Amino acid sequence: MAPGARRLLRAFVVCVVAVSASLAAVAYADDAATQVDAYLGNLKTFAAGFTQVVRDRDGRIVETATGTFALSRPDRFRWEYRSPYEQTIVADGKKLWLYDRDLEQVTVRALESGLGATPALLLSGASKVADAFTSISIDPDARWKWYRLQPKQPSADFERVSLAFDDRGRLAGMELQDKLGQVTAIDFSDVQVNPKLDSKLFEFSPPKGADVIGETAP
C-alpha cells in the first residue's frame with residue numbers, strides 16, 4: 001500500500017471510531033454538530049465490521065479494504081484491517097499503536113499527540129464537537145441522512161467529515177474528504193451498540209521481532 005494511502009487510512013480510522021452509535025433517541029435538528037454531540041453522549045461501546053473504499057478526485061477506486069473495529073469511550077479503540085492487507089491500530093487510553101504486518105513495524109506515540117488536530121476530537125468525549133467542527137448541512141438521500149461537518153482548524157488534513165444514518169437512526173456509513181479531493185467511504189455491518197467488550201481488545205504489545213518506532217514508556 002502506498003504511503004499516502006496509509007496516512008489517509010490512519011486519519012480516517014481516528015474519525016470512524018468517534019462515530020459509532022444510534023440516533024434513535026435523538027430528535028433531528030438543523031445543526032449537525034449538535035446532533036453528533038447528542039448521540040455521542042449516550043455511547044459507551046461499539047463494535048462492527050466494515051468495508052472501506054478510497055476514491056481519487058476523479059471518482060476512480062484506488063483501494064478497497066475490509067475488517068472490524070471495536071470502541072470503548074473514551075480514548076480506547078481497536079481497528080483491524082483484514083483484507084487485502086493486515087494492519088492494526090489500537091488506542092489504549094494513553095498511547096496510539098499502529099502495527100503494519102507487511103513492514104513488521106510498530107509506530108507508537110502519546111495518544112494526545114498521535115491524534116492531534118484530527119477528527120479524534122469526536123472520540124475524546126472531553127470537548128464538544130461544536131467546539132472543533134462547523135455544521136455544514138444535514139442532507140437526506142434515497143437511503144440515508146447525512147450529517148456533514150467541517151473542521152474549524154485550517155491545519156486539519158481534511159476538508160469535511162460526513163456521517164450517514166439509516167431510517168432507523170443507526171449509523172450506516174461515513175465519508176472523509178481530504179484537501180486533494182480524495183474521498184474515503186465506509187459502510188458498516190453487524191453493528192453492535194453498547195455491547196460488553198473484553199478490555200484486552202484495547203491492549204497492545206509489539207510482536208517479537210517487530211521494529212518499534214516511538215516512545216513505549218508509560
# chains A, B, ... in the order shown; residues from 1 in each chain; ligands from 1

$ closest_atom_pairs --of "range 61-145 of chain A" --to "range 184-194 of chain A" --cutoff "12 Å" --atoms "only C-alpha atoms" --output "Markdown table"
| residue | atom | partner | partner_atom | distance |
| --- | --- | --- | --- | --- |
| A:Ile61 | CA | A:Thr184 | CA | 9.7 |
| A:Val62 | CA | A:Thr184 | CA | 10.0 |
| A:Glu63 | CA | A:Thr184 | CA | 9.1 |
| A:Thr64 | CA | A:Thr184 | CA | 9.5 |
| A:Ala65 | CA | A:Ile186 | CA | 9.4 |
| A:Thr66 | CA | A:Ile186 | CA | 9.3 |
| A:Gly67 | CA | A:Phe188 | CA | 10.0 |
| A:Thr68 | CA | A:Phe188 | CA | 9.2 |
| A:Phe69 | CA | A:Phe188 | CA | 9.9 |
| A:Ala70 | CA | A:Gln192 | CA | 9.4 |
| A:Leu71 | CA | A:Asn194 | CA | 9.2 |
| A:Ser72 | CA | A:Asn194 | CA | 8.6 |
| A:Arg73 | CA | A:Asn194 | CA | 10.1 |
| A:Trp144 | CA | A:Asp187 | CA | 11.6 |

$ write_last_selection --atoms "all heavy atoms" --output "short mmCIF file (atom, residue, chain, number, x, y, z; two decimals), in the first residue's frame"
data_model
loop_
_atom_site.label_atom_id
_atom_site.label_comp_id
_atom_site.auth_asym_id
_atom_site.auth_seq_id
_atom_site.Cartn_x
_atom_site.Cartn_y
_atom_site.Cartn_z
N ILE A 61 -11.78 4.24 -8.07
CA ILE A 61 -11.44 3.48 -6.87
C ILE A 61 -9.94 3.15 -6.90
O ILE A 61 -9.44 2.58 -7.87
CB ILE A 61 -12.25 2.17 -6.80
CG1 ILE A 61 -13.74 2.49 -6.63
CG2 ILE A 61 -11.75 1.30 -5.64
CD1 ILE A 61 -14.64 1.26 -6.62
N VAL A 62 -9.25 3.54 -5.84
CA VAL A 62 -7.82 3.27 -5.75
C VAL A 62 -7.51 2.25 -4.67
O VAL A 62 -6.41 1.70 -4.63
CB VAL A 62 -7.02 4.56 -5.47
CG1 VAL A 62 -7.17 5.53 -6.64
CG2 VAL A 62 -7.46 5.24 -4.18
N GLU A 63 -8.49 1.97 -3.81
CA GLU A 63 -8.25 1.00 -2.74
C GLU A 63 -9.55 0.56 -2.12
O GLU A 63 -10.48 1.35 -1.95
CB GLU A 63 -7.36 1.63 -1.67
CG GLU A 63 -6.89 0.64 -0.61
CD GLU A 63 -5.86 1.29 0.30
OE1 GLU A 63 -6.29 2.05 1.19
OE2 GLU A 63 -4.66 1.07 0.12
N THR A 64 -9.65 -0.75 -1.81
CA THR A 64 -10.78 -1.31 -1.09
C THR A 64 -10.25 -2.18 0.03
O THR A 64 -9.30 -2.94 -0.17
CB THR A 64 -11.69 -2.14 -2.01
OG1 THR A 64 -12.18 -1.31 -3.08
CG2 THR A 64 -12.88 -2.71 -1.25
N ALA A 65 -10.84 -2.09 1.21
CA ALA A 65 -10.38 -2.87 2.35
C ALA A 65 -11.57 -3.28 3.21
O ALA A 65 -12.63 -2.65 3.18
CB ALA A 65 -9.38 -2.07 3.19
N THR A 66 -11.38 -4.36 3.98
CA THR A 66 -12.41 -4.82 4.91
C THR A 66 -11.77 -5.14 6.25
O THR A 66 -10.56 -5.36 6.35
CB THR A 66 -13.14 -6.06 4.38
OG1 THR A 66 -12.19 -7.12 4.21
CG2 THR A 66 -13.83 -5.78 3.06
N GLY A 67 -12.60 -5.18 7.28
CA GLY A 67 -12.08 -5.50 8.60
C GLY A 67 -13.12 -5.31 9.68
O GLY A 67 -14.33 -5.32 9.41
N THR A 68 -12.64 -5.14 10.91
CA THR A 68 -13.52 -4.96 12.06
C THR A 68 -12.96 -3.86 12.95
O THR A 68 -11.78 -3.53 12.89
CB THR A 68 -13.63 -6.25 12.90
OG1 THR A 68 -12.33 -6.59 13.40
CG2 THR A 68 -14.17 -7.39 12.05
N PHE A 69 -13.84 -3.29 13.77
CA PHE A 69 -13.33 -2.40 14.80
C PHE A 69 -14.19 -2.46 16.04
O PHE A 69 -15.35 -2.89 16.02
CB PHE A 69 -13.20 -0.97 14.29
CG PHE A 69 -14.50 -0.20 14.21
CD1 PHE A 69 -14.92 0.59 15.27
CD2 PHE A 69 -15.26 -0.23 13.06
CE1 PHE A 69 -16.10 1.31 15.18
CE2 PHE A 69 -16.44 0.51 12.97
CZ PHE A 69 -16.86 1.28 14.03
N ALA A 70 -13.58 -2.09 17.17
CA ALA A 70 -14.27 -2.03 18.46
C ALA A 70 -13.89 -0.73 19.14
O ALA A 70 -12.75 -0.27 19.01
CB ALA A 70 -13.88 -3.23 19.32
N LEU A 71 -14.82 -0.18 19.89
CA LEU A 71 -14.63 1.12 20.53
C LEU A 71 -15.12 1.09 21.96
O LEU A 71 -16.18 0.52 22.25
CB LEU A 71 -15.41 2.18 19.74
CG LEU A 71 -15.64 3.54 20.40
CD1 LEU A 71 -14.32 4.30 20.50
CD2 LEU A 71 -16.65 4.34 19.59
N SER A 72 -14.37 1.70 22.86
CA SER A 72 -14.79 1.90 24.24
C SER A 72 -14.43 3.32 24.62
O SER A 72 -13.25 3.64 24.78
CB SER A 72 -14.11 0.90 25.18
OG SER A 72 -14.52 1.10 26.52
N ARG A 73 -15.43 4.18 24.72
CA ARG A 73 -15.18 5.58 25.02
C ARG A 73 -14.96 5.76 26.52
O ARG A 73 -15.60 5.11 27.33
CB ARG A 73 -16.36 6.44 24.58
CG ARG A 73 -16.59 6.41 23.08
CD ARG A 73 -17.73 7.34 22.66
NE ARG A 73 -17.32 8.74 22.74
CZ ARG A 73 -17.93 9.67 23.46
NH1 ARG A 73 -18.96 9.34 24.21
NH2 ARG A 73 -17.51 10.91 23.46
N TRP A 144 -30.08 7.26 3.09
CA TRP A 144 -29.61 7.70 4.39
C TRP A 144 -29.78 9.19 4.61
O TRP A 144 -30.08 9.94 3.69
CB TRP A 144 -28.13 7.34 4.56
CG TRP A 144 -27.84 5.89 4.46
CD1 TRP A 144 -28.68 4.86 4.77
CD2 TRP A 144 -26.60 5.28 4.04
NE1 TRP A 144 -28.05 3.65 4.57
CE2 TRP A 144 -26.78 3.88 4.13
CE3 TRP A 144 -25.38 5.79 3.62
CZ2 TRP A 144 -25.77 2.98 3.81
CZ3 TRP A 144 -24.37 4.89 3.29
CH2 TRP A 144 -24.56 3.51 3.38
#

$ residues_around --residues "Arg109 in chain A" --least-positions-apart "2" --cutoff "6 Å" --atoms "only C-alpha atoms" --output "compact mmCIF listing (two decimals) with C-alpha atoms, in the first residue's frame"
# COMPACT_ATOMS: atom_id res chain seq x y z
CA LYS A 95 -0.89 5.65 23.62
CA LEU A 96 -1.74 5.13 19.98
CA GLY A 114 -0.91 10.99 17.95
CA GLY A 214 8.46 5.96 19.02
CA GLU A 215 8.18 6.11 22.79

$ residues_around --residues "Ala130 in chain A" --least-positions-apart "6" --cutoff "9 Å" --atoms "only C-alpha atoms" --output "list of chain:residue names"
A:Ala32, A:Ala33, A:Thr34, A:Val36, A:Asp37

$ atom_distance --atom1 "CA of Phe204 in chain A" --atom2 "CA of Asp75 in chain A"
14.0 Å

$ residues_around --residues "Glu203 in chain A" --least-positions-apart "4" --cutoff "9 Å" --atoms "only C-alpha atoms" --output "list of chain:residue names"
A:Arg76, A:Arg78, A:Val90, A:Ala91, A:Asp92, A:Ser199

$ write_last_selection --atoms "all heavy atoms" --output "PDB file, in the first residue's frame"
ATOM      1  N   ARG A  76     -10.352   4.635  23.810  1.00  0.00           N
ATOM      2  CA  ARG A  76      -9.908   3.263  23.584  1.00  0.00           C
ATOM      3  C   ARG A  76     -10.608   2.712  22.343  1.00  0.00           C
ATOM      4  O   ARG A  76     -11.832   2.740  22.247  1.00  0.00           O
ATOM      5  CB  ARG A  76     -10.209   2.374  24.799  1.00  0.00           C
ATOM      6  CG  ARG A  76      -9.300   2.656  25.992  1.00  0.00           C
ATOM      7  CD  ARG A  76      -9.738   1.878  27.224  1.00  0.00           C
ATOM      8  NE  ARG A  76      -8.763   1.994  28.283  1.00  0.00           N
ATOM      9  CZ  ARG A  76      -8.648   3.036  29.092  1.00  0.00           C
ATOM     10  NH1 ARG A  76      -9.483   4.059  28.947  1.00  0.00           N
ATOM     11  NH2 ARG A  76      -7.728   3.072  30.037  1.00  0.00           N
ATOM     12  N   ARG A  78      -9.941  -0.320  18.847  1.00  0.00           N
ATOM     13  CA  ARG A  78      -9.106  -1.287  18.106  1.00  0.00           C
ATOM     14  C   ARG A  78      -9.674  -1.406  16.707  1.00  0.00           C
ATOM     15  O   ARG A  78     -10.835  -1.755  16.506  1.00  0.00           O
ATOM     16  CB  ARG A  78      -9.106  -2.652  18.775  1.00  0.00           C
ATOM     17  CG  ARG A  78      -8.129  -3.636  18.099  1.00  0.00           C
ATOM     18  CD  ARG A  78      -8.134  -4.985  18.779  1.00  0.00           C
ATOM     19  NE  ARG A  78      -7.025  -5.805  18.319  1.00  0.00           N
ATOM     20  CZ  ARG A  78      -5.848  -5.897  18.928  1.00  0.00           C
ATOM     21  NH1 ARG A  78      -5.645  -5.221  20.038  1.00  0.00           N
ATOM     22  NH2 ARG A  78      -4.900  -6.659  18.438  1.00  0.00           N
ATOM     23  N   VAL A  90      -4.437   0.581  17.563  1.00  0.00           N
ATOM     24  CA  VAL A  90      -5.010   0.464  18.905  1.00  0.00           C
ATOM     25  C   VAL A  90      -4.741   1.728  19.705  1.00  0.00           C
ATOM     26  O   VAL A  90      -3.607   2.207  19.761  1.00  0.00           O
ATOM     27  CB  VAL A  90      -4.423  -0.746  19.662  1.00  0.00           C
ATOM     28  CG1 VAL A  90      -4.969  -0.791  21.091  1.00  0.00           C
ATOM     29  CG2 VAL A  90      -4.739  -2.044  18.939  1.00  0.00           C
ATOM     30  N   ALA A  91      -5.783   2.249  20.336  1.00  0.00           N
ATOM     31  CA  ALA A  91      -5.643   3.315  21.331  1.00  0.00           C
ATOM     32  C   ALA A  91      -5.972   2.693  22.682  1.00  0.00           C
ATOM     33  O   ALA A  91      -7.057   2.136  22.865  1.00  0.00           O
ATOM     34  CB  ALA A  91      -6.588   4.473  21.031  1.00  0.00           C
ATOM     35  N   ASP A  92      -5.015   2.753  23.622  1.00  0.00           N
ATOM     36  CA  ASP A  92      -5.195   2.090  24.911  1.00  0.00           C
ATOM     37  C   ASP A  92      -5.542   3.052  26.043  1.00  0.00           C
ATOM     38  O   ASP A  92      -5.510   2.694  27.215  1.00  0.00           O
ATOM     39  CB  ASP A  92      -3.950   1.278  25.274  1.00  0.00           C
ATOM     40  CG  ASP A  92      -2.705   2.140  25.457  1.00  0.00           C
ATOM     41  OD1 ASP A  92      -2.825   3.382  25.507  1.00  0.00           O
ATOM     42  OD2 ASP A  92      -1.595   1.565  25.550  1.00  0.00           O
ATOM     43  N   SER A 199     -11.750  -6.026  27.793  1.00  0.00           N
ATOM     44  CA  SER A 199     -10.786  -4.931  27.927  1.00  0.00           C
ATOM     45  C   SER A 199      -9.460  -5.232  27.230  1.00  0.00           C
ATOM     46  O   SER A 199      -8.725  -4.318  26.856  1.00  0.00           O
ATOM     47  CB  SER A 199     -10.535  -4.626  29.406  1.00  0.00           C
ATOM     48  OG  SER A 199      -9.969  -5.756  30.061  1.00  0.00           O
TER      49      SER A 199
END

$ select_by_dssp --residues "range 30-77 of chain A" --states "strand (DSSP E)" --output "ChimeraX atom specification"
/A:45-55,61-72,76-77

$ closest_residue --among "A:Lys94, A:Arg60, A:Arg55, A:Arg101" --to "Pro206 in chain A" --atoms "only C-alpha atoms"
A:Arg101
